[in-house]
file start-v1.txt (compact mmCIF, C-alpha atoms)
# COMPACT_ATOMS: atom_id res chain seq x y z
CA MET A 1 119.79 109.40 93.55
CA ILE A 2 117.79 111.59 91.17
CA LYS A 3 116.54 108.65 89.07
CA PRO A 4 114.36 107.09 91.81
CA ILE A 5 112.97 110.51 92.69
CA TYR A 6 112.13 111.17 89.04
CA THR A 7 110.50 107.73 88.74
CA LEU A 8 108.34 108.38 91.80
CA PHE A 9 107.50 111.90 90.58
CA LEU A 10 106.45 110.55 87.18
CA ALA A 11 104.37 107.83 88.84
CA LEU A 12 102.50 110.33 91.00
CA LEU A 13 101.89 112.59 87.99
CA VAL A 14 100.50 109.66 85.99
CA ALA A 15 98.08 108.74 88.78
CA LEU A 16 97.05 112.39 89.22
CA PHE A 17 96.60 112.73 85.45
CA VAL A 18 94.15 109.84 85.42
CA GLY A 19 92.28 110.94 88.55
CA LEU A 20 91.97 114.58 87.52
CA GLY A 21 91.13 113.61 83.95
CA ILE A 22 88.22 111.49 85.17
CA ASP A 23 87.05 114.32 87.44
CA ALA A 24 87.29 116.87 84.61
CA PHE A 25 85.29 114.88 82.08
CA TYR A 26 83.04 112.82 84.38
CA PRO A 27 82.18 115.04 87.36
CA SER A 28 80.84 113.56 90.57
CA PRO A 29 77.24 114.05 91.69
CA THR A 30 76.72 117.09 93.89
CA GLU A 31 75.80 116.62 97.51
CA PRO A 32 72.59 118.36 98.59
CA LYS A 33 73.11 121.47 100.68
CA TYR A 34 71.86 121.35 104.22
CA PRO A 35 69.06 123.94 104.61
CA ILE A 36 69.98 126.64 107.11
CA GLU A 37 66.38 126.75 108.40
CA LEU A 38 66.83 123.24 109.77
CA GLU A 39 69.57 124.22 112.22
CA GLN A 40 66.90 125.05 114.78
CA TYR A 41 64.85 121.99 113.83
CA LYS A 42 67.53 119.57 114.97
CA ALA A 43 68.06 121.40 118.25
CA ALA A 44 64.37 121.91 119.06
CA PRO A 45 62.59 119.52 121.44
CA GLN A 46 60.14 117.13 119.75
CA CYS A 47 57.10 119.13 120.90
CA GLU A 48 58.35 122.38 119.26
CA GLN A 49 58.97 120.98 115.78
CA ASN A 50 56.54 122.26 113.17
CA PRO A 51 55.26 120.33 110.12
CA GLU A 52 56.97 122.68 107.63
CA GLN A 53 60.39 122.00 109.15
CA GLU A 54 59.66 118.30 109.30
CA ALA A 55 58.75 118.31 105.59
CA LYS A 56 61.99 120.13 104.76
CA TRP A 57 63.94 117.64 106.86
CA ASN A 58 62.30 114.69 105.10
CA GLU A 59 63.00 116.25 101.69
CA TYR A 60 66.63 116.83 102.63
CA MET A 61 66.97 113.23 103.82
CA LYS A 62 65.48 111.92 100.54
CA ASP A 63 67.92 114.07 98.57
CA GLN A 64 70.78 112.79 100.74
CA GLU A 65 69.77 109.15 100.14
CA LYS A 66 69.53 109.82 96.39
CA PHE A 67 72.99 111.40 96.45
CA THR A 68 74.41 108.42 98.36
CA GLU A 69 73.05 105.97 95.77
CA GLU A 70 74.29 108.11 92.86
CA ASN A 71 77.71 108.36 94.51
CA LYS A 72 77.95 104.57 94.84
CA ILE A 73 77.27 104.21 91.11
CA TYR A 74 79.70 107.02 90.34
CA SER A 75 82.42 105.35 92.44
CA ARG A 76 81.87 102.06 90.62
CA ASN A 77 82.11 103.78 87.23
CA VAL A 78 85.23 105.72 88.22
CA SER A 79 86.74 102.48 89.46
CA ILE A 80 86.14 100.81 86.10
CA ILE A 81 87.44 103.80 84.12
CA SER A 82 90.59 104.13 86.22
CA LEU A 83 91.22 100.37 86.08
CA ILE A 84 91.04 100.46 82.28
CA ALA A 85 93.41 103.46 82.26
CA ALA A 86 95.78 101.61 84.62
CA ILE A 87 95.84 98.55 82.38
CA ILE A 88 96.59 100.71 79.32
CA ILE A 89 99.38 102.51 81.19
CA LEU A 90 100.85 99.22 82.41
CA ILE A 91 100.77 97.73 78.93
CA LEU A 92 102.51 100.81 77.52
CA SER A 93 105.20 100.69 80.18
CA LEU A 94 105.90 96.98 79.60
CA THR A 95 105.83 97.04 75.80
CA LEU A 96 106.35 100.23 73.82
CA LEU A 97 108.34 102.17 76.39
CA ASN A 98 110.30 99.36 78.07
CA LYS A 99 113.53 100.46 76.32
CA ILE A 100 113.53 103.79 78.20
CA GLU A 101 113.94 102.37 81.69
CA MET A 102 113.28 105.48 83.83
CA ILE A 103 110.11 106.41 81.96
CA ALA A 104 108.91 102.80 81.81
CA ASP A 105 109.45 102.40 85.56
CA GLY A 106 107.66 105.67 86.28
CA LEU A 107 104.72 104.63 84.10
CA LEU A 108 104.71 101.18 85.68
CA LEU A 109 104.57 102.64 89.17
CA GLY A 110 101.98 105.18 88.00
CA GLY A 111 99.89 102.29 86.68
CA VAL A 112 100.20 100.59 90.06
CA PHE A 113 99.10 103.78 91.85
CA THR A 114 96.19 104.12 89.42
CA THR A 115 95.21 100.50 90.11
CA LEU A 116 95.29 101.30 93.83
CA TYR A 117 93.06 104.33 93.20
CA SER A 118 90.70 102.12 91.22
CA ILE A 119 90.49 99.63 94.07
CA MET A 120 89.80 102.39 96.61
CA ARG A 121 87.00 103.81 94.44
CA GLY A 122 85.64 100.29 93.99
CA LEU A 123 85.47 99.87 97.75
CA MET A 124 83.38 103.05 97.93
CA SER A 125 80.75 101.48 95.65
CA GLU A 126 79.55 99.42 98.64
CA ASN A 127 78.76 96.47 96.36
CA SER A 128 80.50 93.41 97.78
CA GLN A 129 80.53 91.52 94.47
CA PHE A 130 82.05 94.48 92.63
CA ARG A 131 84.59 94.97 95.43
CA PHE A 132 85.61 91.33 95.11
CA PHE A 133 85.86 91.71 91.32
CA ILE A 134 88.01 94.83 91.46
CA VAL A 135 90.35 93.40 94.11
CA THR A 136 90.64 90.20 92.05
CA ILE A 137 91.64 92.22 88.98
CA GLY A 138 94.15 94.14 91.12
CA LEU A 139 95.62 90.87 92.38
CA ILE A 140 95.91 89.50 88.84
CA ILE A 141 97.63 92.72 87.74
CA ALA A 142 100.07 92.44 90.65
CA PHE A 143 100.93 88.80 89.79
CA VAL A 144 101.35 89.50 86.08
CA LEU A 145 103.47 92.60 86.71
CA GLY A 146 105.62 90.77 89.22
CA TYR A 147 106.20 87.94 86.78
CA ILE A 148 106.89 90.15 83.76
CA LYS A 149 109.07 92.70 85.57
CA PHE A 150 111.05 90.53 87.96
CA ILE A 151 110.95 86.87 86.92
CA ARG A 152 110.74 86.84 83.12
CA GLU A 153 113.47 89.48 82.70
CA LYS A 154 115.96 87.42 84.72
CA LYS A 155 115.58 84.44 82.40
call {"tool": "encode", "arguments": {"input": "start-v1.txt", "output": "structure tokens"}}
result
Amino acid sequence: MIKPIYTLFLALLVALFVGLGIDAFYPSPTEPKYPIELEQYKAAPQCEQNPEQEAKWNEYMKDQEKFTEENKIYSRNVSIISLIAAIIILILSLTLLNKIEMIADGLLLGGVFTTLYSIMRGLMSENSQFRFFIVTIGLIIAFVLGYIKFIREKK
């Protein structure tokens, strides 16, 4: 009973290791802070809004749009980085470490979780071609892993 729990625990740690490693060395863009002075601006009727508040609102909206675009690029890059990490982890689990079954299975599942994380970050890029590419790579990984782990071993 403890072996499956250990395998799952190792898998989660591997995925967390990759995700937190990316965050530590490639931090995300920071979201602009909403100016406190604009709290009244949103609630005020159209006739009571002054040009200074309107200028601050427009500046905030520009900063927010810039952040959104930077975040899409960041998500795409994180998706690529985590996919590369997942492929390396999967290769390690199927080659060098395949003799130590519990560790290999934990790494394999961790690689699958990391691939899932990569796909989720790819979806956040809001680029339909990139989303298709990343899901295609995920599908190929799933087919290859299924073949290597379950079909080839039985022969």
call {"tool": "closest_residue", "arguments": {"input": "start-v1.txt", "among": "A:Pro29, A:Pro51, A:Gly122, A:Gly138", "to": "Ala86 (chain A)", "atoms": "only C-alpha atoms"}}
result
A:Gly138
call {"tool": "residues_around", "arguments": {"input": "start-v1.txt", "residues": "Thr30 (chain A)", "least_positions_apart": "2", "cutoff": "9 Å", "atoms": "all atoms listed in the file", "output": "list in words"}}
result
Pro27, Ser28, Pro32, Lys33, Phe67 and Asn71 of chain A
call {"tool": "residues_around", "arguments": {"input": "start-v1.txt", "residues": "Gly146 (chain A)", "least_positions_apart": "4", "cutoff": "12 Å", "atoms": "all atoms listed in the file", "output": "MDAnalysis selection string"}}
result
chainID A and resid 90 94 108:109 112 139:142 150:154
call {"tool": "closest_atom_pairs", "arguments": {"input": "start-v1.txt", "of": "region 33-106 of chain A", "to": "region 126-135 of chain A", "cutoff": "12 Å", "atoms": "all atoms listed in the file", "output": "JSON lines"}}
result
{"residue": "A:Thr68", "atom": "CA", "partner": "A:Glu126", "partner_atom": "CA", "distance": 10.4}
{"residue": "A:Glu69", "atom": "CA", "partner": "A:Glu126", "partner_atom": "CA", "distance": 9.7}
{"residue": "A:Glu70", "atom": "CA", "partner": "A:Glu126", "partner_atom": "CA", "distance": 11.7}
{"residue": "A:Asn71", "atom": "CA", "partner": "A:Glu126", "partner_atom": "CA", "distance": 10.0}
{"residue": "A:Lys72", "atom": "CA", "partner": "A:Glu126", "partner_atom": "CA", "distance": 6.6}
{"residue": "A:Ile73", "atom": "CA", "partner": "A:Glu126", "partner_atom": "CA", "distance": 9.2}
{"residue": "A:Tyr74", "atom": "CA", "partner": "A:Glu126", "partner_atom": "CA", "distance": 11.3}
{"residue": "A:Ser75", "atom": "CA", "partner": "A:Glu126", "partner_atom": "CA", "distance": 9.0}
{"residue": "A:Arg76", "atom": "CA", "partner": "A:Phe130", "partner_atom": "CA", "distance": 7.8}
{"residue": "A:Asn77", "atom": "CA", "partner": "A:Phe130", "partner_atom": "CA", "distance": 10.8}
{"residue": "A:Val78", "atom": "CA", "partner": "A:Ile134", "partner_atom": "CA", "distance": 11.7}
{"residue": "A:Ser79", "atom": "CA", "partner": "A:Ile134", "partner_atom": "CA", "distance": 8.0}
{"residue": "A:Ile80", "atom": "CA", "partner": "A:Ile134", "partner_atom": "CA", "distance": 8.2}
{"residue": "A:Ile81", "atom": "CA", "partner": "A:Ile134", "partner_atom": "CA", "distance": 11.6}
{"residue": "A:Ser82", "atom": "CA", "partner": "A:Ile134", "partner_atom": "CA", "distance": 11.0}
{"residue": "A:Leu83", "atom": "CA", "partner": "A:Ile134", "partner_atom": "CA", "distance": 8.4}
{"residue": "A:Ile84", "atom": "CA", "partner": "A:Ile134", "partner_atom": "CA", "distance": 11.2}
call {"tool": "closest_residue", "arguments": {"input": "start-v1.txt", "among": "A:Leu116, A:Leu96, A:Lys3, A:Ile87", "to": "Leu145 (chain A)", "atoms": "all atoms listed in the file"}}
result
A:Ile87
call {"tool": "atom_distance", "arguments": {"input": "start-v1.txt", "atom1": "CA of Pro4 (chain A)", "atom2": "CA of Tyr117 (chain A)"}}
result
21.5 Å
call {"tool": "atom_distance", "arguments": {"input": "start-v1.txt", "atom1": "CA of Leu38 (chain A)", "atom2": "CA of Asn58 (chain A)"}}
result
10.7 Å
call {"tool": "closest_residue", "arguments": {"input": "start-v1.txt", "among": "A:Val18, A:Met120, A:Ile103, A:Leu8", "to": "Ala85 (chain A)", "atoms": "all atoms listed in the file"}}
result
A:Val18
